[in-house]
file run_0.txt (compact mmCIF, C-alpha atoms)
# COMPACT_ATOMS: atom_id res chain seq x y z
CA MET A 58 0.00 0.00 0.00
CA SER A 59 1.32 3.43 -0.84
CA ASN A 60 1.78 6.10 1.79
CA LEU A 61 -0.86 8.71 2.48
CA VAL A 62 1.79 11.38 2.89
CA GLU A 63 5.21 11.32 1.27
CA ILE A 64 7.58 14.17 1.94
CA THR A 65 11.02 14.18 0.35
CA ASN A 66 13.76 16.73 1.02
CA LEU A 67 11.38 19.46 2.08
CA THR A 68 12.99 22.80 2.84
CA LYS A 69 11.11 25.94 3.73
CA LYS A 70 12.56 29.39 4.26
CA TYR A 71 10.86 32.42 5.74
CA GLU A 72 12.49 35.68 4.76
CA GLY A 73 15.86 33.97 4.37
CA LYS A 74 15.58 32.02 7.63
CA ILE A 75 15.36 28.24 7.35
CA VAL A 76 12.23 26.91 9.08
CA LEU A 77 12.29 23.32 7.82
CA ASP A 78 15.64 21.90 6.78
CA ASN A 79 15.58 19.05 4.26
CA ILE A 80 12.86 17.02 5.95
CA SER A 81 11.80 13.61 4.64
CA LEU A 82 9.02 11.53 6.13
CA THR A 83 6.11 9.28 5.23
CA ILE A 84 2.75 8.66 6.82
CA PRO A 85 0.95 5.39 5.99
CA GLY A 86 -2.81 4.91 6.22
CA GLY A 87 -4.49 3.88 9.46
CA ARG A 88 -2.19 5.83 11.76
CA ILE A 89 -2.59 8.36 14.53
CA ILE A 90 0.58 10.38 14.66
CA GLY A 91 1.73 13.02 17.09
CA LEU A 92 3.72 15.96 15.80
CA LEU A 93 5.75 17.31 18.69
CA GLY A 94 8.44 19.86 19.28
CA PRO A 95 9.18 23.11 21.05
CA ASN A 96 7.62 26.41 20.03
CA GLY A 97 9.07 27.64 16.78
CA ALA A 98 10.35 24.21 15.72
CA GLY A 99 8.37 24.29 12.49
CA LYS A 100 5.30 22.19 13.39
CA THR A 101 2.73 24.64 12.10
CA THR A 102 4.76 25.31 8.95
CA LEU A 103 4.92 21.58 8.19
CA ILE A 104 1.18 21.25 8.82
CA LYS A 105 0.38 24.22 6.58
CA ILE A 106 2.42 22.78 3.73
CA ILE A 107 0.67 19.39 4.06
CA ALA A 108 -2.71 21.12 4.27
CA GLY A 109 -1.94 23.00 1.06
CA VAL A 110 -2.23 26.50 2.47
CA MET A 111 1.48 27.27 2.19
CA LYS A 112 3.21 26.97 -1.17
CA ASP A 113 6.68 28.32 -1.97
CA TYR A 114 8.78 25.45 -0.58
CA LYS A 115 11.57 23.30 -1.97
CA GLY A 116 11.25 19.53 -2.15
CA LYS A 117 8.49 17.08 -2.91
CA VAL A 118 5.21 16.79 -0.98
CA LEU A 119 2.67 14.16 -2.04
CA ILE A 120 -0.69 13.60 -0.35
CA ASP A 121 -2.35 10.41 -1.62
CA ASN A 122 0.02 10.66 -4.61
CA HIS A 123 -0.99 14.22 -5.46
CA SER A 124 0.75 17.53 -4.90
CA PRO A 125 -1.15 19.77 -2.46
CA GLY A 126 -4.05 21.34 -4.37
CA VAL A 127 -7.74 20.97 -5.10
CA TYR A 128 -7.76 17.16 -4.90
CA THR A 129 -5.73 16.93 -1.69
CA LYS A 130 -7.99 19.48 -0.02
CA SER A 131 -11.00 17.31 -0.85
CA ILE A 132 -9.54 14.35 1.06
CA LEU A 133 -7.88 16.30 3.84
CA SER A 134 -9.60 17.81 6.85
CA TYR A 135 -7.53 20.58 8.37
CA LEU A 136 -7.81 22.27 11.74
CA PRO A 137 -5.75 25.46 11.55
CA ASP A 138 -4.06 27.11 14.51
CA LYS A 139 -6.23 30.19 14.01
CA THR A 140 -9.94 30.73 14.30
CA TYR A 141 -11.91 30.21 11.13
CA LEU A 142 -15.61 30.23 12.02
CA SER A 143 -17.73 33.07 10.63
CA PRO A 144 -18.40 35.42 13.56
CA TRP A 145 -22.01 36.20 12.69
CA MET A 146 -23.10 32.57 12.73
CA LYS A 147 -24.71 30.39 15.34
CA VAL A 148 -23.16 26.97 15.97
CA LYS A 149 -25.98 25.28 14.06
CA ASP A 150 -25.55 27.64 11.07
CA THR A 151 -21.90 26.71 11.00
CA VAL A 152 -22.81 23.02 10.93
CA ASP A 153 -25.25 23.71 8.05
CA LEU A 154 -22.61 25.65 6.15
CA PHE A 155 -20.14 22.79 6.34
CA THR A 156 -22.86 20.27 5.45
CA ASP A 157 -23.46 22.23 2.25
CA PHE A 158 -19.80 22.81 1.55
CA TYR A 159 -18.29 19.34 2.00
CA SER A 160 -19.90 16.27 0.44
CA ASP A 161 -18.19 14.07 3.04
CA PHE A 162 -19.56 16.04 6.02
CA ASP A 163 -21.66 13.96 8.44
CA LYS A 164 -24.16 16.37 10.00
CA ASN A 165 -25.60 13.86 12.46
CA LYS A 166 -22.17 13.06 13.75
CA ALA A 167 -21.45 16.75 14.27
CA ILE A 168 -24.70 17.30 16.18
CA ASP A 169 -24.08 14.22 18.34
CA LEU A 170 -20.55 15.30 19.18
CA LEU A 171 -21.64 18.83 20.06
CA LYS A 172 -24.26 17.36 22.37
CA LEU A 173 -21.65 15.09 23.97
CA LEU A 174 -19.44 18.12 24.59
CA ASN A 175 -22.35 20.10 26.07
CA ILE A 176 -22.39 22.81 23.43
CA ASP A 177 -25.57 24.75 22.80
CA ILE A 178 -26.04 24.80 19.03
CA ASN A 179 -28.23 27.88 19.23
CA GLN A 180 -25.43 29.99 20.61
CA ASN A 181 -23.61 32.51 18.47
CA VAL A 182 -20.04 31.35 17.84
CA THR A 183 -18.57 34.62 19.15
CA LYS A 184 -20.37 34.08 22.47
CA LEU A 185 -18.61 30.78 23.05
CA SER A 186 -15.80 30.51 25.57
CA LYS A 187 -12.31 29.89 24.15
CA GLY A 188 -12.45 26.21 25.01
CA ASN A 189 -15.94 25.70 23.60
CA TYR A 190 -14.99 27.58 20.44
CA GLU A 191 -12.05 25.22 19.93
CA LYS A 192 -14.34 22.25 20.53
CA VAL A 193 -16.74 23.45 17.83
CA GLN A 194 -13.88 23.86 15.37
CA LEU A 195 -12.61 20.40 16.13
CA VAL A 196 -16.07 18.83 15.84
CA ILE A 197 -16.44 20.41 12.41
CA VAL A 198 -13.10 19.04 11.28
CA MET A 199 -13.67 15.54 12.67
CA SER A 200 -17.18 15.27 11.19
CA ARG A 201 -15.85 14.96 7.66
CA SER A 202 -14.93 11.48 6.49
CA ALA A 203 -11.55 12.46 5.16
CA LYS A 204 -8.52 10.34 4.38
CA LEU A 205 -6.20 12.59 6.31
CA TYR A 206 -6.97 14.74 9.34
CA VAL A 207 -4.40 17.38 10.10
CA LEU A 208 -4.98 19.00 13.46
CA ASP A 209 -2.85 21.91 14.64
CA GLU A 210 -3.05 22.09 18.45
CA PRO A 211 -6.61 20.80 18.88
CA LEU A 212 -6.34 20.47 22.67
CA GLY A 213 -4.86 23.78 23.77
CA GLY A 214 -7.75 25.50 25.51
CA VAL A 215 -9.87 22.44 26.17
CA ASP A 216 -10.61 21.16 29.69
CA PRO A 217 -9.28 17.71 30.70
CA ALA A 218 -12.68 15.95 30.60
CA SER A 219 -13.37 17.24 27.11
CA ARG A 220 -9.84 16.31 26.08
CA ASP A 221 -10.73 12.70 26.89
CA ILE A 222 -13.88 12.97 24.79
CA ILE A 223 -11.89 14.42 21.90
CA ILE A 224 -9.26 11.69 22.12
CA ASP A 225 -12.06 9.11 22.26
CA THR A 226 -13.56 10.71 19.17
CA ILE A 227 -10.27 10.43 17.33
CA LEU A 228 -9.91 6.79 18.39
CA THR A 229 -13.49 5.93 17.46
CA ASN A 230 -13.10 7.65 14.16
CA TYR A 231 -10.09 5.49 13.39
CA ASN A 232 -10.14 3.31 10.30
CA GLU A 233 -7.53 1.51 8.24
CA ASN A 234 -7.62 3.99 5.38
CA SER A 235 -7.42 7.31 7.14
CA SER A 236 -4.72 8.86 9.27
CA VAL A 237 -4.58 11.63 11.82
CA LEU A 238 -1.62 13.98 12.21
CA LEU A 239 -1.95 15.99 15.39
CA SER A 240 0.37 18.62 16.82
CA THR A 241 0.25 19.22 20.55
CA GLN A 242 2.15 20.34 23.61
CA LEU A 243 -0.05 18.23 25.89
CA VAL A 244 1.87 15.07 25.18
CA GLN A 245 0.96 13.22 28.35
CA ASP A 246 -2.76 13.35 27.65
CA VAL A 247 -2.57 11.90 24.18
CA GLU A 248 0.48 9.73 23.82
CA ARG A 249 -1.45 6.53 24.48
CA ALA A 250 -3.58 7.35 21.46
CA PHE A 251 -0.61 7.68 19.12
CA ASP A 252 0.93 5.00 16.91
CA SER A 253 4.02 7.02 16.38
CA VAL A 254 5.47 10.41 17.03
CA ILE A 255 7.42 12.83 14.91
CA ILE A 256 9.49 15.16 17.05
CA ILE A 257 10.94 18.15 15.28
CA LYS A 258 13.47 20.48 16.79
CA ASP A 259 15.61 23.19 15.23
CA THR A 260 14.07 22.71 11.77
CA LYS A 261 14.94 18.97 11.64
CA VAL A 262 13.18 15.68 12.37
CA PHE A 263 14.67 14.39 15.62
CA VAL A 264 12.56 11.31 16.25
CA ASN A 265 10.17 9.52 13.93
CA ASP A 266 9.24 6.21 15.49
CA GLU A 267 6.47 4.17 17.06
CA VAL A 268 5.50 5.25 20.58
CA ASP A 269 6.21 1.83 22.07
CA ASN A 270 9.59 1.64 20.35
CA VAL A 271 10.52 5.03 21.76
CA ARG A 272 9.36 3.99 25.23
CA ALA A 273 11.34 0.75 25.01
CA LYS A 274 14.44 2.48 23.66
CA PHE A 275 14.58 5.36 26.13
CA GLY A 276 12.73 3.77 29.07
CA LYS A 277 10.69 6.95 29.28
CA SER A 278 7.30 8.16 28.18
CA ILE A 279 7.22 10.46 25.17
CA ASP A 280 6.26 13.23 27.55
CA GLU A 281 9.35 12.72 29.71
CA LEU A 282 11.52 12.35 26.65
CA CYS A 283 10.32 15.70 25.37
CA ARG A 284 10.89 17.38 28.70
CA GLU A 285 14.26 15.91 29.55
CA VAL A 286 16.06 15.07 26.35
CA PHE A 287 14.76 17.72 24.07
CA LYS A 288 13.89 20.35 26.63
CA CYS A 289 10.72 20.94 24.77
CA CYS A 290 6.96 20.28 24.68
CA MET B 119 -12.97 3.97 33.19
CA LYS B 120 -9.61 4.28 31.49
CA PHE B 121 -6.70 2.06 32.38
CA GLU B 122 -3.79 3.86 34.01
CA PHE B 123 -0.52 3.21 32.22
CA ASN B 124 2.94 3.36 33.66
CA PRO B 125 4.74 5.98 31.59
CA ASN B 126 8.09 4.21 31.39
CA THR B 127 7.35 0.99 29.56
CA PRO B 128 5.74 0.19 26.22
CA ILE B 129 1.96 0.39 26.31
CA TYR B 130 1.35 -2.89 24.49
CA LEU B 131 3.34 -4.79 27.15
CA GLN B 132 1.18 -3.22 29.84
CA ILE B 133 -1.97 -4.24 27.99
CA ILE B 134 -0.64 -7.83 27.86
CA GLU B 135 0.08 -7.74 31.61
CA GLU B 136 -3.38 -6.34 32.33
CA ILE B 137 -5.15 -9.04 30.31
CA LYS B 138 -3.03 -11.70 31.99
CA ARG B 139 -3.98 -10.23 35.35
CA GLN B 140 -7.64 -10.37 34.39
CA ILE B 141 -7.24 -14.04 33.44
CA VAL B 142 -5.40 -14.83 36.70
CA PHE B 143 -8.06 -13.09 38.80
CA GLY B 144 -10.85 -14.81 36.91
CA GLU B 145 -12.21 -11.56 35.48
CA ARG B 146 -11.83 -13.14 32.07
CA GLU B 147 -12.88 -16.77 32.12
CA PRO B 148 -11.60 -19.57 29.86
CA GLY B 149 -13.41 -19.82 26.53
CA ILE B 150 -15.09 -16.42 26.90
CA LYS B 151 -15.07 -14.08 23.96
CA VAL B 152 -12.74 -11.08 23.96
CA GLU B 153 -13.89 -7.66 22.71
CA SER B 154 -12.83 -6.59 19.22
CA VAL B 155 -9.54 -4.75 18.82
CA ARG B 156 -11.36 -1.52 18.15
CA ASP B 157 -13.74 -1.85 21.13
CA LEU B 158 -11.06 -2.82 23.62
CA ALA B 159 -8.80 -0.05 22.31
CA GLN B 160 -11.54 2.41 23.05
CA ILE B 161 -12.32 0.93 26.47
CA MET B 162 -8.66 1.18 27.48
CA GLY B 163 -8.19 4.48 25.67
CA VAL B 164 -5.34 3.34 23.46
CA ASN B 165 -4.49 3.32 19.79
CA PRO B 166 -6.08 0.36 17.92
CA ASN B 167 -2.73 -0.60 16.38
CA THR B 168 -1.20 -0.83 19.86
CA MET B 169 -4.08 -3.11 20.92
CA GLN B 170 -3.55 -5.22 17.79
CA ARG B 171 0.10 -5.61 18.71
CA ALA B 172 -0.86 -6.80 22.22
CA PHE B 173 -3.34 -9.31 20.75
CA VAL B 174 -0.75 -10.70 18.35
CA GLU B 175 1.57 -11.32 21.29
CA LEU B 176 -1.20 -12.89 23.44
CA GLU B 177 -2.08 -15.15 20.51
CA ARG B 178 1.55 -16.11 20.09
CA GLU B 179 1.59 -17.07 23.78
CA ARG B 180 -1.66 -18.99 23.11
CA LEU B 181 -3.53 -17.14 25.86
CA ILE B 182 -5.99 -15.99 23.25
CA TYR B 183 -7.11 -18.00 20.24
CA THR B 184 -8.96 -16.93 17.14
CA GLU B 185 -11.97 -18.67 15.64
CA ARG B 186 -11.94 -17.61 12.06
CA THR B 187 -15.41 -16.15 11.81
CA SER B 188 -16.53 -15.56 15.37
CA GLY B 189 -13.67 -13.67 17.00
CA ARG B 190 -11.09 -14.11 19.72
CA PHE B 191 -11.47 -16.14 22.92
CA ILE B 192 -9.57 -16.70 26.15
CA THR B 193 -7.68 -19.99 26.15
CA MET B 194 -9.31 -23.07 27.69
CA ASP B 195 -5.92 -24.66 28.37
CA SER B 196 -5.96 -24.95 32.17
CA ASN B 197 -2.25 -25.82 32.32
CA LEU B 198 -1.44 -22.59 30.51
CA ILE B 199 -3.64 -20.57 32.85
CA LYS B 200 -1.98 -22.24 35.83
CA LYS B 201 1.39 -21.34 34.36
CA ILE B 202 0.62 -17.62 34.11
CA LYS B 203 -0.93 -17.73 37.59
CA ASP B 204 2.33 -19.18 38.92
CA GLU B 205 4.33 -16.60 37.00
CA SER B 206 2.31 -13.75 38.39
CA ILE B 207 2.45 -15.06 41.97
CA ASN B 208 6.17 -15.71 41.71
CA LYS B 209 6.65 -12.14 40.63
CA GLU B 210 4.75 -10.89 43.69
CA ILE B 211 6.73 -13.19 45.99
CA SER B 212 10.00 -12.11 44.49
CA GLU B 213 9.17 -8.44 45.04
CA PHE B 214 8.11 -9.18 48.61
CA VAL B 215 11.23 -11.18 49.40
CA GLN B 216 13.48 -8.53 47.92
CA LEU B 217 11.78 -5.88 50.03
CA MET B 218 12.22 -8.01 53.16
CA LYS B 219 15.88 -8.66 52.41
CA LYS B 220 16.48 -4.97 51.84
CA SER B 221 14.84 -4.32 55.20
CA GLY B 222 17.35 -6.70 56.80
CA PHE B 223 15.25 -9.81 57.40
CA ALA B 224 16.79 -13.25 57.04
CA LYS B 225 14.97 -16.26 55.61
CA ALA B 226 13.94 -17.59 59.03
CA ASP B 227 12.51 -14.20 60.03
CA ILE B 228 10.57 -13.87 56.81
CA LEU B 229 9.05 -17.33 57.16
CA ARG B 230 8.24 -16.71 60.83
CA LEU B 231 6.56 -13.38 60.07
CA VAL B 232 4.54 -14.86 57.20
CA ASP B 233 3.56 -17.76 59.40
CA THR B 234 2.43 -15.48 62.25
CA PHE B 235 0.51 -13.31 59.81
CA MET B 236 -1.28 -16.32 58.35
CA GLU B 237 -2.18 -17.60 61.84
CA GLU B 238 -3.57 -14.25 62.89
CA SER B 239 -5.58 -13.68 59.74
CA GLU B 240 -7.10 -17.13 60.14
CA HIS B 241 -8.34 -16.23 63.62
CA GLU B 242 -10.09 -13.09 62.39
call {"tool": "encode", "arguments": {"input": "run_0.txt", "output": "structure tokens"}}
result
Amino acid sequence: MSNLVEITNLTKKYEGKIVLDNISLTIPGGRIIGLLGPNGAGKTTLIKIIAGVMKDYKGKVLIDNHSPGVYTKSILSYLPDKTYLSPWMKVKDTVDLFTDFYSDFDKNKAIDLLKLLNIDINQNVTKLSKGNYEKVQLVIVMSRSAKLYVLDEPLGGVDPASRDIIIDTILTNYNENSSVLLSTQLVQDVERAFDSVIIIKDTKVFVNDEVDNVRAKFGKSIDELCREVFKCC
Amino acid sequence: MKFEFNPNTPIYLQIIEEIKRQIVFGEREPGIKVESVRDLAQIMGVNPNTMQRAFVELERERLIYTERTSGRFITMDSNLIKKIKDESINKEISEFVQLMKKSGFAKADILRLVDTFMEESEHE
């Protein structure tokens, strides 16, 4: 089976400064992968390139054998690190908008998840608390049946109980053909849900291995490894 | 309820230990069906591929067997179950004895203390 994501010799510069330095990695189908690293390591840049919202890079990026573009966006569900909901909408209008916009959007699933997370769908999105706003964004992203989910910091402002629900959602959503790439600083809460982790530091891939291999090799959890060895996360 | 994992060792090994513990304590009885990979992964809050890896290992150790169409079941081999019971008890005893030795007790003291403890708990 071919890889869902294939990145070869990817380099990205920002105003002359190297942000990603000759990175190569692959992501097969049916995986839940953590993208970890300290602030400024290049996580969001890598995610943006995969998601197809950042062009102007050197190297080869293939998503399901296609360069980032119209096709890859149709099979990729992306949660950006910035807010993207229309401020004048209620939660339920937002759900309707996405139902119209994406043919793979499962409205019932979205409504069920919002209920599970105790979100009032009649509320205006700007009236939501930070955490609830993030939950709505994540529900929207996870309610598509995409091949690749790319989530940039989905757990930042979310309370621990809801974090568990979100992780459960990601695990329940799992199937052999789709993969989830998730960047986070809250390693401890999610590492049991990961197959493997990609740790980037100083523009390079430091670790790209299965969670259990890393634990066996270092005798530490991924969380501890990040804290102690890489002084990050 | 999610299972609490020790952060320092591979998760799949801890899943194997937990399922063995459940067999030893009779929480999973011989010949009883095991949940699907996906369901048990969700119950324990782990990645389905990690659960799969644990199942492969448990199958290799013959603690779980697969019936082609109906799923996975706990072994009915009573010798095998006795073997993992012994293993698990030996592990507990070894930890206990090491603790006692560290605390400065000799064999005779340990046996005497265990004996006294058993006597007393029988009277209760």
call {"tool": "residues_around", "arguments": {"input": "run_0.txt", "residues": "A:Val62", "least_positions_apart": "5", "cutoff": "8 Å", "atoms": "all atoms listed in the file", "output": "list in words"}}
result
Leu82, Thr83, Ile84, Pro85, Val118, Leu119, Ile120, Asp121 and Asn122 of chain A
call {"tool": "atom_distance", "arguments": {"input": "run_0.txt", "atom1": "atom CA of A:Val76", "atom2": "atom CA of A:Ser240"}}
result
16.4 Å
call {"tool": "residues_near_point", "arguments": {"input": "run_0.txt", "point": "(-19.8, 22.5, 17.8)", "cutoff": "10 Å", "atoms": "all atoms listed in the file", "output": "PyMOL selection string"}}
result
chain A and resi 147-149+151-152+167-178+180+182+185+189-198
call {"tool": "closest_residue", "arguments": {"input": "run_0.txt", "among": "A:Asn79, A:Ser131, A:Gln245, A:Ser59", "to": "chain B", "atoms": "all atoms listed in the file"}}
result
A:Gln245
call {"tool": "interface_residues", "arguments": {"input": "run_0.txt", "of": "chain B", "to": "chain A", "cutoff": "9 Å", "atoms": "all atoms listed in the file", "output": "list in words"}}
result
Phe123, Asn124, Pro125, Asn126, Thr127, Pro128, Ile129, Tyr130, Leu131, Arg156, Asp157, Ala159, Gln160, Gly163, Val164, Asn165, Pro166, Asn167 and Thr168 of chain B
call {"tool": "atom_distance", "arguments": {"input": "run_0.txt", "atom1": "atom CA of A:Pro95", "atom2": "atom CA of A:Val262"}}
result
12.1 Å
